[in-house]
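Enquirer: My questions will all concern the structure given below.
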Amino acid sequence: MRLDHVSYAAGPDGLKATAERLGKLLGTEIADGGVHPRFGTCNYILPLAGDTYLEVVGALEHPASDKAVFGQAVKARTALGGGWLGWVVAVSDLEAAEERLGREAKDGYRHRPDGHELIWKQIGIKELDADPQLPYFIKWLSPEEDHPSAGASGDYSLAAIEIAGDPHRVSEWLGEPEDHPLDDVEVRWVAPHGTPGIVAVEFTTPNGCVRI
């Protein structure tokens, strides 16, 4: 199972300011990614090696952000000061997740600043909102060359995710071993009795490892 991306919710200072702050920590620019009309959100993107990327996301002042589960989750995290929202795994099909959750995956799309549209299907957002240690699942419908990781220099990569929560719960959710839930990224279980969710993410950069 492959990690697709990690999401960081904007703080009270706004999406652009949050993206600029994280970019300074990492030593690179995080660029405007566009708008999710269905979710009432917008994002900034940093392509990473290994077909992964960092998403910094903020809610729009739009009714969609109050109706969509993802928009609600982003607004709630921003209201708490911003920070890590969740992690997302890419799958080749969503049938197993649909069967387990008893509902169909939802359509997602994003309009990039250049007007190009990215499309995908996703499921598990409700569980992300209720239990942030759990990732949600995504299946990209856009061509591979349109994936947000396209254009990564190779100088920046995602090395590890630190998660507070129950490894057995996440293992059951993913259908993967507790000690090796992802093929390409180390998962460290920390603070088992803390608030569930991502505690930190470690990036490899030209200037060494950066933990955010």
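FYI, nothing fancy with the structure tokens labels: chains A, B, ... in order, residues from 1 per chain, ligands from 1 as they appear.
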What's around A:Ala150 at 10 Å? Count only C-alpha atoms, leave out sequence neighbours fewer than 2 positions away in its own chain, and write the answer as a ChimeraX atom specification.
Expert: /A:46-53,144-148,152-153
Enquirer: Enumerate, in order of chain and increasing residue number, the residues of stretch 144-177 of chain A with an atom no farther than 10 Å from stretch 1-7 of chain A, each with its shortest atom pair and distance in Å to one decimal, counting only C-alpha atoms, as a tab-separated table.
Expert:
residue	atom	partner	partner_atom	distance
A:His147	CA	A:Asp4	CA	9.6
A:Pro148	CA	A:His5	CA	9.1
A:Ser149	CA	A:Asp4	CA	8.9
A:Leu158	CA	A:His5	CA	9.1
A:Ile161	CA	A:Val6	CA	9.1
A:Leu174	CA	A:Met1	CA	8.3
A:Gly175	CA	A:Met1	CA	9.2
A:Glu176	CA	A:Met1	CA	7.9
Enquirer: Please produce a file of those selected residues containing all heavy atoms, as a PDB file, in the first residue's frame.
Expert:
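Result saved to selection11.pdb:
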ATOM      1  N   HIS A 147      -0.436  13.759 -11.690  1.00  0.00           N
ATOM      2  CA  HIS A 147      -0.392  13.578 -10.239  1.00  0.00           C
ATOM      3  C   HIS A 147       0.360  14.748  -9.606  1.00  0.00           C
ATOM      4  O   HIS A 147       1.349  15.235 -10.165  1.00  0.00           O
ATOM      5  CB  HIS A 147       0.303  12.259  -9.892  1.00  0.00           C
ATOM      6  CG  HIS A 147       0.209  11.896  -8.452  1.00  0.00           C
ATOM      7  ND1 HIS A 147       1.183  12.248  -7.539  1.00  0.00           N
ATOM      8  CD2 HIS A 147      -0.742  11.231  -7.757  1.00  0.00           C
ATOM      9  CE1 HIS A 147       0.833  11.809  -6.342  1.00  0.00           C
ATOM     10  NE2 HIS A 147      -0.324  11.179  -6.444  1.00  0.00           N
ATOM     11  N   PRO A 148      -0.095  15.232  -8.440  1.00  0.00           N
ATOM     12  CA  PRO A 148       0.541  16.398  -7.819  1.00  0.00           C
ATOM     13  C   PRO A 148       2.028  16.229  -7.483  1.00  0.00           C
ATOM     14  O   PRO A 148       2.701  17.214  -7.198  1.00  0.00           O
ATOM     15  CB  PRO A 148      -0.290  16.607  -6.552  1.00  0.00           C
ATOM     16  CG  PRO A 148      -1.629  16.065  -6.905  1.00  0.00           C
ATOM     17  CD  PRO A 148      -1.348  14.866  -7.759  1.00  0.00           C
ATOM     18  N   SER A 149       2.513  15.002  -7.496  1.00  0.00           N
ATOM     19  CA  SER A 149       3.948  14.803  -7.256  1.00  0.00           C
ATOM     20  C   SER A 149       4.785  15.063  -8.500  1.00  0.00           C
ATOM     21  O   SER A 149       6.026  15.115  -8.418  1.00  0.00           O
ATOM     22  CB  SER A 149       4.211  13.369  -6.780  1.00  0.00           C
ATOM     23  OG  SER A 149       3.923  12.436  -7.820  1.00  0.00           O
ATOM     24  N   LEU A 158       9.563  12.382   1.718  1.00  0.00           N
ATOM     25  CA  LEU A 158       8.918  12.143   3.000  1.00  0.00           C
ATOM     26  C   LEU A 158       9.539  10.897   3.605  1.00  0.00           C
ATOM     27  O   LEU A 158       9.453   9.811   3.022  1.00  0.00           O
ATOM     28  CB  LEU A 158       7.406  11.970   2.780  1.00  0.00           C
ATOM     29  CG  LEU A 158       6.502  12.206   3.976  1.00  0.00           C
ATOM     30  CD1 LEU A 158       5.098  12.516   3.508  1.00  0.00           C
ATOM     31  CD2 LEU A 158       6.483  10.975   4.871  1.00  0.00           C
ATOM     32  N   ILE A 161       6.425   9.154   9.191  1.00  0.00           N
ATOM     33  CA  ILE A 161       5.250   9.760   9.809  1.00  0.00           C
ATOM     34  C   ILE A 161       5.168   9.260  11.240  1.00  0.00           C
ATOM     35  O   ILE A 161       5.268   8.048  11.482  1.00  0.00           O
ATOM     36  CB  ILE A 161       3.951   9.386   9.070  1.00  0.00           C
ATOM     37  CG1 ILE A 161       4.030   9.742   7.595  1.00  0.00           C
ATOM     38  CG2 ILE A 161       2.750  10.087   9.707  1.00  0.00           C
ATOM     39  CD1 ILE A 161       2.780   9.314   6.816  1.00  0.00           C
ATOM     40  N   LEU A 174      -6.329  -0.633   7.347  1.00  0.00           N
ATOM     41  CA  LEU A 174      -5.584  -0.717   6.091  1.00  0.00           C
ATOM     42  C   LEU A 174      -5.511  -2.130   5.526  1.00  0.00           C
ATOM     43  O   LEU A 174      -5.304  -2.317   4.325  1.00  0.00           O
ATOM     44  CB  LEU A 174      -4.152  -0.206   6.289  1.00  0.00           C
ATOM     45  CG  LEU A 174      -3.964   1.285   6.549  1.00  0.00           C
ATOM     46  CD1 LEU A 174      -2.510   1.572   6.880  1.00  0.00           C
ATOM     47  CD2 LEU A 174      -4.403   2.106   5.341  1.00  0.00           C
ATOM     48  N   GLY A 175      -5.633  -3.124   6.419  1.00  0.00           N
ATOM     49  CA  GLY A 175      -5.416  -4.491   5.987  1.00  0.00           C
ATOM     50  C   GLY A 175      -3.945  -4.786   5.754  1.00  0.00           C
ATOM     51  O   GLY A 175      -3.582  -5.593   4.903  1.00  0.00           O
ATOM     52  N   GLU A 176      -3.076  -4.115   6.528  1.00  0.00           N
ATOM     53  CA  GLU A 176      -1.636  -4.255   6.393  1.00  0.00           C
ATOM     54  C   GLU A 176      -1.021  -4.547   7.766  1.00  0.00           C
ATOM     55  O   GLU A 176      -1.638  -4.274   8.804  1.00  0.00           O
ATOM     56  CB  GLU A 176      -1.019  -2.967   5.831  1.00  0.00           C
ATOM     57  CG  GLU A 176      -1.500  -2.602   4.428  1.00  0.00           C
ATOM     58  CD  GLU A 176      -0.925  -3.517   3.366  1.00  0.00           C
ATOM     59  OE1 GLU A 176       0.140  -4.106   3.602  1.00  0.00           O
ATOM     60  OE2 GLU A 176      -1.559  -3.646   2.297  1.00  0.00           O
TER      61      GLU A 176
END
Enquirer: With a distance cut-off of 8 Å and only C-alpha atoms, select the neighbouring residues of A:Ala164, excluding the residue or stretch itself and same-chain residues fewer than 2 positions from it, and output the selection as a PyMOL selection string.
Expert: chain A and resi 133+162+166+189-199
Enquirer: Mind listing the strand (DSSP E or B) residues of stretch 106-211 of chain A, per DSSP on the backbone, as a PyMOL selection string?
Expert: chain A and resi 106-111+117-123+136-140+157-164+186-190+197-205+208-211
Enquirer: Write out as a PDB file with all heavy atoms, in the first residue's frame the residues lying within 9 Å of A:Ala59, counting only C-alpha atoms and excluding same-chain residues fewer than 2 positions away.
Expert:
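And here is the file that came out, part14.pdb:
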ATOM      1  N   ALA A   9      -3.358  21.433   7.752  1.00  0.00           N
ATOM      2  CA  ALA A   9      -4.388  22.470   7.730  1.00  0.00           C
ATOM      3  C   ALA A   9      -3.805  23.833   8.083  1.00  0.00           C
ATOM      4  O   ALA A   9      -2.971  23.961   8.986  1.00  0.00           O
ATOM      5  CB  ALA A   9      -5.515  22.127   8.704  1.00  0.00           C
ATOM      6  N   ALA A  10      -4.235  24.837   7.361  1.00  0.00           N
ATOM      7  CA  ALA A  10      -3.776  26.208   7.593  1.00  0.00           C
ATOM      8  C   ALA A  10      -4.104  26.672   8.996  1.00  0.00           C
ATOM      9  O   ALA A  10      -5.109  26.266   9.591  1.00  0.00           O
ATOM     10  CB  ALA A  10      -4.417  27.147   6.576  1.00  0.00           C
ATOM     11  N   LEU A  15      -4.012  30.426   4.678  1.00  0.00           N
ATOM     12  CA  LEU A  15      -3.367  29.381   3.895  1.00  0.00           C
ATOM     13  C   LEU A  15      -2.018  29.820   3.334  1.00  0.00           C
ATOM     14  O   LEU A  15      -1.017  29.110   3.465  1.00  0.00           O
ATOM     15  CB  LEU A  15      -4.298  28.941   2.762  1.00  0.00           C
ATOM     16  CG  LEU A  15      -3.749  27.909   1.779  1.00  0.00           C
ATOM     17  CD1 LEU A  15      -3.332  26.644   2.500  1.00  0.00           C
ATOM     18  CD2 LEU A  15      -4.785  27.614   0.704  1.00  0.00           C
ATOM     19  N   PHE A  39     -15.473  20.689  -2.211  1.00  0.00           N
ATOM     20  CA  PHE A  39     -15.199  20.640  -0.778  1.00  0.00           C
ATOM     21  C   PHE A  39     -15.149  22.008  -0.116  1.00  0.00           C
ATOM     22  O   PHE A  39     -15.098  22.097   1.109  1.00  0.00           O
ATOM     23  CB  PHE A  39     -13.859  19.937  -0.526  1.00  0.00           C
ATOM     24  CG  PHE A  39     -13.740  18.584  -1.164  1.00  0.00           C
ATOM     25  CD1 PHE A  39     -12.536  18.159  -1.700  1.00  0.00           C
ATOM     26  CD2 PHE A  39     -14.835  17.725  -1.241  1.00  0.00           C
ATOM     27  CE1 PHE A  39     -12.426  16.911  -2.290  1.00  0.00           C
ATOM     28  CE2 PHE A  39     -14.736  16.471  -1.831  1.00  0.00           C
ATOM     29  CZ  PHE A  39     -13.520  16.065  -2.368  1.00  0.00           C
ATOM     30  N   GLY A  40     -15.116  23.068  -0.918  1.00  0.00           N
ATOM     31  CA  GLY A  40     -15.003  24.396  -0.342  1.00  0.00           C
ATOM     32  C   GLY A  40     -13.642  24.662   0.263  1.00  0.00           C
ATOM     33  O   GLY A  40     -13.512  25.361   1.266  1.00  0.00           O
ATOM     34  N   THR A  41     -12.604  24.102  -0.358  1.00  0.00           N
ATOM     35  CA  THR A  41     -11.239  24.267   0.144  1.00  0.00           C
ATOM     36  C   THR A  41     -10.291  24.615  -1.003  1.00  0.00           C
ATOM     37  O   THR A  41     -10.635  24.488  -2.175  1.00  0.00           O
ATOM     38  CB  THR A  41     -10.733  22.983   0.837  1.00  0.00           C
ATOM     39  OG1 THR A  41     -10.786  21.884  -0.091  1.00  0.00           O
ATOM     40  CG2 THR A  41     -11.573  22.647   2.059  1.00  0.00           C
ATOM     41  N   CYS A  42      -9.097  25.040  -0.656  1.00  0.00           N
ATOM     42  CA  CYS A  42      -8.038  25.288  -1.636  1.00  0.00           C
ATOM     43  C   CYS A  42      -6.726  24.837  -1.013  1.00  0.00           C
ATOM     44  O   CYS A  42      -6.643  24.648   0.207  1.00  0.00           O
ATOM     45  CB  CYS A  42      -7.991  26.761  -2.042  1.00  0.00           C
ATOM     46  SG  CYS A  42      -7.963  27.923  -0.667  1.00  0.00           S
ATOM     47  N   ASN A  43      -5.697  24.657  -1.847  1.00  0.00           N
ATOM     48  CA  ASN A  43      -4.465  24.138  -1.284  1.00  0.00           C
ATOM     49  C   ASN A  43      -3.212  24.686  -1.948  1.00  0.00           C
ATOM     50  O   ASN A  43      -3.270  25.320  -3.006  1.00  0.00           O
ATOM     51  CB  ASN A  43      -4.460  22.601  -1.302  1.00  0.00           C
ATOM     52  CG  ASN A  43      -4.416  22.003  -2.700  1.00  0.00           C
ATOM     53  OD1 ASN A  43      -4.151  22.683  -3.691  1.00  0.00           O
ATOM     54  ND2 ASN A  43      -4.675  20.708  -2.776  1.00  0.00           N
ATOM     55  N   VAL A  57      -3.664  22.885   3.216  1.00  0.00           N
ATOM     56  CA  VAL A  57      -5.041  23.106   2.788  1.00  0.00           C
ATOM     57  C   VAL A  57      -5.757  24.087   3.709  1.00  0.00           C
ATOM     58  O   VAL A  57      -5.517  24.124   4.916  1.00  0.00           O
ATOM     59  CB  VAL A  57      -5.795  21.754   2.709  1.00  0.00           C
ATOM     60  CG1 VAL A  57      -5.857  21.086   4.075  1.00  0.00           C
ATOM     61  CG2 VAL A  57      -7.181  21.912   2.112  1.00  0.00           C
ATOM     62  N   GLU A  61     -14.306  30.759   2.338  1.00  0.00           N
ATOM     63  CA  GLU A  61     -15.540  31.324   2.892  1.00  0.00           C
ATOM     64  C   GLU A  61     -16.651  31.047   1.880  1.00  0.00           C
ATOM     65  O   GLU A  61     -17.026  31.910   1.087  1.00  0.00           O
ATOM     66  CB  GLU A  61     -15.369  32.822   3.148  1.00  0.00           C
ATOM     67  CG  GLU A  61     -14.424  33.154   4.288  1.00  0.00           C
ATOM     68  CD  GLU A  61     -14.924  32.610   5.619  1.00  0.00           C
ATOM     69  OE1 GLU A  61     -16.160  32.532   5.805  1.00  0.00           O
ATOM     70  OE2 GLU A  61     -14.094  32.243   6.456  1.00  0.00           O
ATOM     71  N   HIS A  62     -17.131  29.832   1.907  1.00  0.00           N
ATOM     72  CA  HIS A  62     -18.100  29.370   0.912  1.00  0.00           C
ATOM     73  C   HIS A  62     -18.994  28.321   1.560  1.00  0.00           C
ATOM     74  O   HIS A  62     -18.525  27.528   2.397  1.00  0.00           O
ATOM     75  CB  HIS A  62     -17.369  28.784  -0.296  1.00  0.00           C
ATOM     76  CG  HIS A  62     -18.246  28.500  -1.470  1.00  0.00           C
ATOM     77  ND1 HIS A  62     -19.010  27.360  -1.557  1.00  0.00           N
ATOM     78  CD2 HIS A  62     -18.488  29.217  -2.593  1.00  0.00           C
ATOM     79  CE1 HIS A  62     -19.693  27.370  -2.690  1.00  0.00           C
ATOM     80  NE2 HIS A  62     -19.390  28.493  -3.334  1.00  0.00           N
ATOM     81  N   SER A  65     -17.841  24.599   2.131  1.00  0.00           N
ATOM     82  CA  SER A  65     -16.942  24.178   3.202  1.00  0.00           C
ATOM     83  C   SER A  65     -17.709  23.811   4.472  1.00  0.00           C
ATOM     84  O   SER A  65     -17.177  23.117   5.340  1.00  0.00           O
ATOM     85  CB  SER A  65     -15.918  25.276   3.514  1.00  0.00           C
ATOM     86  OG  SER A  65     -16.540  26.433   4.030  1.00  0.00           O
ATOM     87  N   GLY A  71     -14.334  19.756   4.023  1.00  0.00           N
ATOM     88  CA  GLY A  71     -14.310  21.169   4.373  1.00  0.00           C
ATOM     89  C   GLY A  71     -14.518  21.396   5.860  1.00  0.00           C
ATOM     90  O   GLY A  71     -13.844  22.227   6.480  1.00  0.00           O
ATOM     91  N   GLN A  72     -15.425  20.632   6.447  1.00  0.00           N
ATOM     92  CA  GLN A  72     -15.685  20.736   7.883  1.00  0.00           C
ATOM     93  C   GLN A  72     -14.447  20.345   8.692  1.00  0.00           C
ATOM     94  O   GLN A  72     -14.103  20.988   9.692  1.00  0.00           O
ATOM     95  CB  GLN A  72     -16.856  19.837   8.263  1.00  0.00           C
ATOM     96  CG  GLN A  72     -18.199  20.272   7.689  1.00  0.00           C
ATOM     97  CD  GLN A  72     -19.273  19.231   7.914  1.00  0.00           C
ATOM     98  OE1 GLN A  72     -19.058  18.220   8.573  1.00  0.00           O
ATOM     99  NE2 GLN A  72     -20.453  19.472   7.356  1.00  0.00           N
ATOM    100  N   VAL A  74     -11.300  20.478   7.731  1.00  0.00           N
ATOM    101  CA  VAL A  74     -10.273  21.506   7.581  1.00  0.00           C
ATOM    102  C   VAL A  74     -10.593  22.700   8.479  1.00  0.00           C
ATOM    103  O   VAL A  74      -9.710  23.215   9.193  1.00  0.00           O
ATOM    104  CB  VAL A  74     -10.148  21.945   6.110  1.00  0.00           C
ATOM    105  CG1 VAL A  74      -9.212  23.147   5.989  1.00  0.00           C
ATOM    106  CG2 VAL A  74      -9.655  20.801   5.243  1.00  0.00           C
ATOM    107  N   LYS A  75     -11.834  23.151   8.465  1.00  0.00           N
ATOM    108  CA  LYS A  75     -12.224  24.303   9.284  1.00  0.00           C
ATOM    109  C   LYS A  75     -12.024  24.016  10.771  1.00  0.00           C
ATOM    110  O   LYS A  75     -11.563  24.878  11.536  1.00  0.00           O
ATOM    111  CB  LYS A  75     -13.673  24.685   8.999  1.00  0.00           C
ATOM    112  CG  LYS A  75     -13.900  25.248   7.603  1.00  0.00           C
ATOM    113  CD  LYS A  75     -15.324  25.706   7.394  1.00  0.00           C
ATOM    114  CE  LYS A  75     -15.576  27.050   8.051  1.00  0.00           C
ATOM    115  NZ  LYS A  75     -16.872  27.631   7.629  1.00  0.00           N
ATOM    116  N   THR A  78      -8.287  24.138  11.580  1.00  0.00           N
ATOM    117  CA  THR A  78      -7.820  25.524  11.566  1.00  0.00           C
ATOM    118  C   THR A  78      -8.262  26.250  12.830  1.00  0.00           C
ATOM    119  O   THR A  78      -7.493  27.029  13.416  1.00  0.00           O
ATOM    120  CB  THR A  78      -8.338  26.250  10.312  1.00  0.00           C
ATOM    121  OG1 THR A  78      -7.747  25.663   9.150  1.00  0.00           O
ATOM    122  CG2 THR A  78      -7.992  27.733  10.351  1.00  0.00           C
TER     123      THR A  78
END
Enquirer: So, with only C-alpha atoms as the atoms that count, which of A:Ile125, A:Pro113, A:Arg77, A:Glu99 lies closest to A:Ile45?
Expert: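 Checking each candidate against A:Ile45, we get A:Pro113 as the closest.
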Enquirer: Please tabulate, as a tab-separated table, the residues of stretch 21-94 of chain A that come within 10 Å of stretch 126-130 of chain A, each with its closest pair of atoms and the distance in Å to one decimal, counting only C-alpha atoms and ordering rows by chain, then residue number upward.
Expert:
residue	atom	partner	partner_atom	distance
A:Ala68	CA	A:Lys126	CA	10.0
A:Val69	CA	A:Lys126	CA	6.5
A:Phe70	CA	A:Asp129	CA	7.8
A:Gln72	CA	A:Asp129	CA	8.3
A:Ala73	CA	A:Asp129	CA	5.6
A:Val74	CA	A:Asp129	CA	9.0
A:Ala76	CA	A:Asp129	CA	9.1
A:Arg77	CA	A:Asp129	CA	9.6
A:Leu85	CA	A:Leu128	CA	8.5
A:Gly86	CA	A:Leu128	CA	7.0
A:Trp87	CA	A:Leu128	CA	8.8
A:Val88	CA	A:Leu128	CA	9.8
